[in-house]
>>> print(open('entry33.pdb').read())   # PDB, C-alpha atoms
ATOM      1  CA  MET V 222    -141.137 -10.627  39.932  1.00  0.00           C
ATOM      2  CA  VAL V 223    -140.245 -14.288  39.789  1.00  0.00           C
ATOM      3  CA  LYS V 224    -136.824 -15.835  39.734  1.00  0.00           C
ATOM      4  CA  THR V 225    -136.513 -19.341  38.348  1.00  0.00           C
ATOM      5  CA  HIS V 226    -133.695 -21.778  37.862  1.00  0.00           C
ATOM      6  CA  ARG V 227    -133.128 -24.745  35.626  1.00  0.00           C
ATOM      7  CA  ASP V 228    -133.442 -27.211  38.522  1.00  0.00           C
ATOM      8  CA  GLY V 229    -137.204 -27.241  37.996  1.00  0.00           C
ATOM      9  CA  GLY V 230    -137.882 -26.178  41.567  1.00  0.00           C
ATOM     10  CA  PRO V 231    -140.852 -23.976  42.313  1.00  0.00           C
ATOM     11  CA  ALA V 232    -140.580 -20.342  41.380  1.00  0.00           C
ATOM     12  CA  THR V 233    -140.559 -18.071  44.405  1.00  0.00           C
ATOM     13  CA  PRO V 234    -140.758 -14.321  44.833  1.00  0.00           C
ATOM     14  CA  GLU V 235    -137.415 -12.524  45.175  1.00  0.00           C
ATOM     15  CA  PRO V 236    -135.186 -12.924  47.032  1.00  0.00           C
ATOM     16  CA  THR V 237    -134.479 -16.560  46.330  1.00  0.00           C
ATOM     17  CA  SER V 238    -131.722 -18.835  47.443  1.00  0.00           C
ATOM     18  CA  PRO V 239    -129.064 -19.914  46.819  1.00  0.00           C
ATOM     19  CA  GLY V 240    -128.180 -16.904  44.651  1.00  0.00           C
ATOM     20  CA  PRO V 241    -127.040 -13.574  46.054  1.00  0.00           C
ATOM     21  CA  ALA V 242    -129.582 -11.395  47.795  1.00  0.00           C
ATOM     22  CA  PRO V 243    -130.920  -8.488  45.758  1.00  0.00           C
ATOM     23  CA  GLY V 244    -129.190  -5.232  46.393  1.00  0.00           C
ATOM     24  CA  PRO V 245    -127.386  -2.451  44.638  1.00  0.00           C
ATOM     25  CA  ALA V 246    -125.652  -3.817  41.569  1.00  0.00           C
ATOM     26  CA  ASP V 247    -122.837  -2.007  39.829  1.00  0.00           C
ATOM     27  CA  CYS V 248    -122.882  -4.261  36.761  1.00  0.00           C
ATOM     28  CA  TRP V 249    -125.846  -5.400  34.683  1.00  0.00           C
ATOM     29  CA  VAL V 250    -125.455  -8.186  32.129  1.00  0.00           C
ATOM     30  CA  PHE V 251    -128.188  -8.338  29.492  1.00  0.00           C
ATOM     31  CA  ASP V 252    -128.884 -11.090  27.009  1.00  0.00           C
ATOM     32  CA  VAL V 253    -129.643  -9.678  23.563  1.00  0.00           C
ATOM     33  CA  ASP V 254    -132.121 -11.802  21.569  1.00  0.00           C
ATOM     34  CA  GLY V 255    -135.447 -12.420  23.248  1.00  0.00           C
ATOM     35  CA  CYS V 256    -134.511 -10.121  26.099  1.00  0.00           C
ATOM     36  CA  LEU V 257    -133.706  -6.689  24.627  1.00  0.00           C
ATOM     37  CA  VAL V 258    -134.342  -7.350  20.927  1.00  0.00           C
ATOM     38  CA  ASP V 259    -137.154  -9.394  19.411  1.00  0.00           C
ATOM     39  CA  SER V 260    -135.974 -12.910  18.656  1.00  0.00           C
ATOM     40  CA  LEU V 261    -137.959 -13.528  15.465  1.00  0.00           C
ATOM     41  CA  THR V 262    -136.902 -10.650  13.223  1.00  0.00           C
ATOM     42  CA  GLY V 263    -134.353  -8.722  15.283  1.00  0.00           C
ATOM     43  CA  THR V 264    -135.946  -5.485  14.125  1.00  0.00           C
ATOM     44  CA  SER V 265    -137.448  -4.103  17.322  1.00  0.00           C
ATOM     45  CA  LEU V 266    -135.982  -2.969  20.614  1.00  0.00           C
ATOM     46  CA  ARG V 267    -138.117  -4.118  23.509  1.00  0.00           C
ATOM     47  CA  PRO V 268    -140.306  -1.381  25.012  1.00  0.00           C
ATOM     48  CA  GLY V 269    -138.576   0.124  28.025  1.00  0.00           C
ATOM     49  CA  ALA V 270    -135.123  -1.161  27.054  1.00  0.00           C
ATOM     50  CA  ARG V 271    -133.708   2.239  26.143  1.00  0.00           C
ATOM     51  CA  ALA V 272    -135.055   3.832  29.349  1.00  0.00           C
ATOM     52  CA  VAL V 273    -133.590   1.056  31.537  1.00  0.00           C
ATOM     53  CA  LEU V 274    -130.206   1.183  29.804  1.00  0.00           C
ATOM     54  CA  GLU V 275    -130.083   4.988  30.007  1.00  0.00           C
ATOM     55  CA  HIS V 276    -131.029   4.960  33.686  1.00  0.00           C
ATOM     56  CA  LEU V 277    -128.348   2.398  34.518  1.00  0.00           C
ATOM     57  CA  ALA V 278    -125.632   4.073  32.440  1.00  0.00           C
ATOM     58  CA  HIS V 279    -126.375   7.552  33.750  1.00  0.00           C
ATOM     59  CA  GLY V 280    -126.334   6.116  37.275  1.00  0.00           C
ATOM     60  CA  GLY V 281    -122.762   4.929  36.772  1.00  0.00           C
ATOM     61  CA  ARG V 282    -123.592   1.244  36.323  1.00  0.00           C
ATOM     62  CA  ARG V 283    -121.601  -0.901  33.905  1.00  0.00           C
ATOM     63  CA  ILE V 284    -123.727  -2.534  31.227  1.00  0.00           C
ATOM     64  CA  ILE V 285    -122.591  -5.675  29.475  1.00  0.00           C
ATOM     65  CA  LEU V 286    -124.408  -7.187  26.530  1.00  0.00           C
ATOM     66  CA  TRP V 287    -123.738 -10.844  25.823  1.00  0.00           C
ATOM     67  CA  SER V 288    -125.110 -13.186  23.234  1.00  0.00           C
ATOM     68  CA  ALA V 289    -124.831 -16.736  21.959  1.00  0.00           C
ATOM     69  CA  GLY V 290    -124.345 -14.993  18.602  1.00  0.00           C
ATOM     70  CA  GLY V 291    -121.048 -13.557  19.821  1.00  0.00           C
ATOM     71  CA  ASP V 292    -119.647 -10.260  20.981  1.00  0.00           C
ATOM     72  CA  GLU V 293    -119.662  -8.643  17.537  1.00  0.00           C
ATOM     73  CA  TYR V 294    -123.298  -9.666  17.086  1.00  0.00           C
ATOM     74  CA  ALA V 295    -124.196  -8.045  20.427  1.00  0.00           C
ATOM     75  CA  ARG V 296    -122.319  -4.882  19.418  1.00  0.00           C
ATOM     76  CA  ALA V 297    -124.080  -4.775  16.038  1.00  0.00           C
ATOM     77  CA  ARG V 298    -127.497  -5.013  17.703  1.00  0.00           C
ATOM     78  CA  ALA V 299    -126.621  -2.206  20.131  1.00  0.00           C
ATOM     79  CA  GLU V 300    -125.460  -0.029  17.236  1.00  0.00           C
ATOM     80  CA  GLN V 301    -128.574  -0.918  15.226  1.00  0.00           C
ATOM     81  CA  PHE V 302    -130.791   0.520  17.965  1.00  0.00           C
ATOM     82  CA  GLY V 303    -128.509   3.393  18.981  1.00  0.00           C
ATOM     83  CA  VAL V 304    -127.818   2.181  22.512  1.00  0.00           C
ATOM     84  CA  ASP V 305    -124.142   1.361  21.961  1.00  0.00           C
ATOM     85  CA  GLY V 306    -123.063   4.553  23.752  1.00  0.00           C
ATOM     86  CA  LEU V 307    -124.675   3.194  26.926  1.00  0.00           C
ATOM     87  CA  VAL V 308    -122.930  -0.186  26.853  1.00  0.00           C
ATOM     88  CA  SER V 309    -119.576  -0.796  28.548  1.00  0.00           C
ATOM     89  CA  ALA V 310    -118.650  -4.109  26.907  1.00  0.00           C
ATOM     90  CA  TYR V 311    -119.819  -6.929  24.663  1.00  0.00           C
ATOM     91  CA  PHE V 312    -119.201 -10.632  25.162  1.00  0.00           C
ATOM     92  CA  SER V 313    -120.082 -13.974  23.707  1.00  0.00           C
ATOM     93  CA  LYS V 314    -121.918 -16.564  25.736  1.00  0.00           C
ATOM     94  CA  GLU V 315    -119.134 -19.100  26.109  1.00  0.00           C
ATOM     95  CA  ASP V 316    -119.082 -22.820  26.627  1.00  0.00           C
ATOM     96  CA  ARG V 317    -121.440 -24.450  29.067  1.00  0.00           C
ATOM     97  CA  ASP V 318    -120.362 -25.995  32.342  1.00  0.00           C
ATOM     98  CA  GLY V 319    -121.128 -29.515  33.558  1.00  0.00           C
ATOM     99  CA  ASP V 320    -124.596 -28.411  34.686  1.00  0.00           C
ATOM    100  CA  GLY V 321    -125.416 -26.888  31.281  1.00  0.00           C
ATOM    101  CA  ALA V 322    -125.061 -23.256  32.372  1.00  0.00           C
ATOM    102  CA  PHE V 323    -123.185 -20.702  30.297  1.00  0.00           C
ATOM    103  CA  GLY V 324    -119.782 -19.906  31.754  1.00  0.00           C
ATOM    104  CA  THR V 325    -119.224 -16.408  33.098  1.00  0.00           C
ATOM    105  CA  GLY V 326    -115.524 -16.620  33.974  1.00  0.00           C
ATOM    106  CA  HIS V 327    -114.597 -14.551  30.911  1.00  0.00           C
ATOM    107  CA  LEU V 328    -116.782 -11.614  31.995  1.00  0.00           C
ATOM    108  CA  PRO V 329    -115.087  -8.740  33.879  1.00  0.00           C
ATOM    109  CA  LEU V 330    -117.087  -9.183  37.078  1.00  0.00           C
ATOM    110  CA  THR V 331    -114.332  -9.323  39.707  1.00  0.00           C
ATOM    111  CA  GLY V 332    -115.327  -7.148  42.624  1.00  0.00           C
ATOM    112  CA  SER V 333    -118.712  -6.409  41.073  1.00  0.00           C
ATOM    113  CA  ARG V 334    -122.202  -7.154  42.214  1.00  0.00           C
ATOM    114  CA  ALA V 335    -123.747  -8.249  38.937  1.00  0.00           C
ATOM    115  CA  VAL V 336    -127.337  -8.796  37.895  1.00  0.00           C
ATOM    116  CA  PHE V 337    -128.030 -10.972  34.857  1.00  0.00           C
ATOM    117  CA  VAL V 338    -131.174 -10.238  32.846  1.00  0.00           C
ATOM    118  CA  ASP V 339    -132.237 -13.093  30.585  1.00  0.00           C
ATOM    119  CA  ASP V 340    -135.292 -14.688  29.009  1.00  0.00           C
ATOM    120  CA  ARG V 341    -133.660 -18.113  29.519  1.00  0.00           C
ATOM    121  CA  PRO V 342    -132.716 -18.173  33.216  1.00  0.00           C
ATOM    122  CA  GLU V 343    -132.298 -21.934  33.057  1.00  0.00           C
ATOM    123  CA  ASP V 344    -129.140 -21.306  30.997  1.00  0.00           C
ATOM    124  CA  LEU V 345    -127.453 -19.451  33.858  1.00  0.00           C
ATOM    125  CA  GLY V 346    -125.703 -20.687  36.971  1.00  0.00           C
ATOM    126  CA  ARG V 347    -127.592 -21.084  40.213  1.00  0.00           C
ATOM    127  CA  ASP V 348    -125.087 -18.873  42.025  1.00  0.00           C
ATOM    128  CA  LEU V 349    -125.886 -15.827  39.857  1.00  0.00           C
ATOM    129  CA  ASP V 350    -128.331 -13.045  40.627  1.00  0.00           C
ATOM    130  CA  VAL V 351    -130.755 -13.537  37.722  1.00  0.00           C
ATOM    131  CA  LEU V 352    -133.789 -11.496  36.770  1.00  0.00           C
ATOM    132  CA  ALA V 353    -135.909 -13.638  34.489  1.00  0.00           C
ATOM    133  CA  VAL V 354    -137.931 -11.824  31.848  1.00  0.00           C
ATOM    134  CA  SER V 355    -140.540 -13.212  29.502  1.00  0.00           C
ATOM    135  CA  PRO V 356    -139.271 -13.855  25.969  1.00  0.00           C
ATOM    136  CA  TYR V 357    -139.673 -10.903  23.600  1.00  0.00           C
ATOM    137  CA  LEU V 358    -140.611 -12.633  20.360  1.00  0.00           C
ATOM    138  CA  CYS V 359    -141.787  -9.906  17.990  1.00  0.00           C
ATOM    139  CA  ASP V 360    -142.492  -6.190  17.821  1.00  0.00           C
ATOM    140  CA  ASP V 361    -145.065  -5.532  20.525  1.00  0.00           C
ATOM    141  CA  PRO V 362    -145.510  -1.947  21.718  1.00  0.00           C
ATOM    142  CA  HIS V 363    -147.573  -3.241  24.664  1.00  0.00           C
ATOM    143  CA  ASP V 364    -144.861  -5.555  26.010  1.00  0.00           C
ATOM    144  CA  ARG V 365    -144.111  -4.972  29.697  1.00  0.00           C
ATOM    145  CA  GLY V 366    -141.439  -7.612  30.160  1.00  0.00           C
ATOM    146  CA  LEU V 367    -138.800  -5.184  31.429  1.00  0.00           C
ATOM    147  CA  VAL V 368    -140.963  -3.646  34.165  1.00  0.00           C
ATOM    148  CA  PRO V 369    -139.434  -5.882  36.876  1.00  0.00           C
ATOM    149  CA  VAL V 370    -135.961  -4.927  35.640  1.00  0.00           C
ATOM    150  CA  ALA V 371    -136.852  -1.227  35.745  1.00  0.00           C
ATOM    151  CA  ARG V 372    -138.112  -1.629  39.312  1.00  0.00           C
ATOM    152  CA  ARG V 373    -134.984  -3.460  40.436  1.00  0.00           C
ATOM    153  CA  ALA V 374    -132.856  -0.784  38.757  1.00  0.00           C
ATOM    154  CA  GLY V 375    -134.751   1.904  40.697  1.00  0.00           C
ATOM    155  CA  LEU V 376    -136.411   3.399  37.623  1.00  0.00           C
ATOM    156  CA  ARG V 377    -140.037   2.761  38.626  1.00  0.00           C
TER
END
>>> encode(input="entry33.pdb", output="structure tokens")
Amino acid sequence: MVKTHRDGGPATPEPTSPGPAPGPADCWVFDVDGCLVDSLTGTSLRPGARAVLEHLAHGGRRIILWSAGGDEYARARAEQFGVDGLVSAYFSKEDRDGDGAFGTGHLPLTGSRAVFVDDRPEDLGRDLDVLAVSPYLCDDPHDRGLVPVARRAGLR
């Protein structure tokens, strides 16, 4: 698994600095389009997504979906694919900070160890624990983009 940041520095195997060291996370924050749902048509749930979400939810982890499309958009996608019962909350990706990263101050993360899963890690702050996944563009039953997430979650 590779973690990258928007600073253009070389990708290195986990763990990377300066973000938090990998470890048990009680909150998982997933981007919607291109990460869990295909970004071209929005009609397919990424292979492995349901299994990862079920594993996390049944293990007592909080799951947050967030999207540049807004909280209601994220909720609608979860309902569309029948995973809404596994999700704790939905949020919009808010304004960007001075470095161009999406703000996370509006997310209920106080006291949590959170992992962010995103196909655009360059849009997230350097201080976050980010698992970068390849973009999920269209329905592809052979896609294995969530395998590193499943491993980190203890599923595989």
>>> closest_residue(input="entry33.pdb", among="V:Arg271, V:Arg334, V:His327, V:Arg341", to="Asp254 of chain V", atoms="only C-alpha atoms")
V:Arg341
>>> closest_residue(input="entry33.pdb", among="V:Leu257, V:Cys248, V:Leu367, V:Val304", to="Ile284 of chain V", atoms="all atoms listed in the file")
V:Cys248
>>> closest_residue(input="entry33.pdb", among="V:Ala278, V:Ala297, V:Leu286, V:Val308", to="Val338 of chain V", atoms="only C-alpha atoms")
V:Leu286
>>> atom_distance(input="entry33.pdb", atom1="atom CA of Gly303 of chain V", atom2="atom CA of Asp350 of chain V")
27.2 Å
>>> resolve_selection(input="entry33.pdb", expression="the PyMOL selection byres ((chain V and resi 339) around 6)", output="list of chain:residue names")
V:Asp252, V:Cys256, V:Val338, V:Asp340, V:Arg341, V:Pro342, V:Ala353, V:Val354
>>> residues_around(input="entry33.pdb", residues="segment 312-314 of chain V", least_positions_apart="2", cutoff="9 Å", atoms="only C-alpha atoms", output="list in words")
Asp252, Ile285, Leu286, Trp287, Ser288, Ala289, Gly290, Gly291, Asp292, Glu293, Tyr294, Ala295, Arg296, Ala310, Asp316, Arg317, Phe323, Gly324, Thr325, His327 and Leu328 of chain V
>>> resolve_selection(input="entry33.pdb", expression="the PyMOL selection byres ((chain V and resi 269) around 12)", output="list of chain:residue names")
V:Cys256, V:Leu257, V:Val258, V:Ser265, V:Leu266, V:Arg267, V:Pro268, V:Ala270, V:Arg271, V:Ala272, V:Val273, V:Leu274, V:Glu275, V:His276, V:Tyr357, V:Asp361, V:Pro362, V:His363, V:Asp364, V:Arg365, V:Gly366, V:Leu367, V:Val368, V:Pro369, V:Val370, V:Ala371, V:Arg372, V:Leu376, V:Arg377
>>> closest_residue(input="entry33.pdb", among="V:Pro245, V:Gly263, V:Pro356, V:Gly321", to="Glu343 of chain V", atoms="all atoms listed in the file")
V:Gly321
>>> atom_distance(input="entry33.pdb", atom1="atom CA of Asp360 of chain V", atom2="atom CA of Ser260 of chain V")
9.4 Å
>>> atom_distance(input="entry33.pdb", atom1="atom CA of His279 of chain V", atom2="atom CA of Arg347 of chain V")
29.4 Å
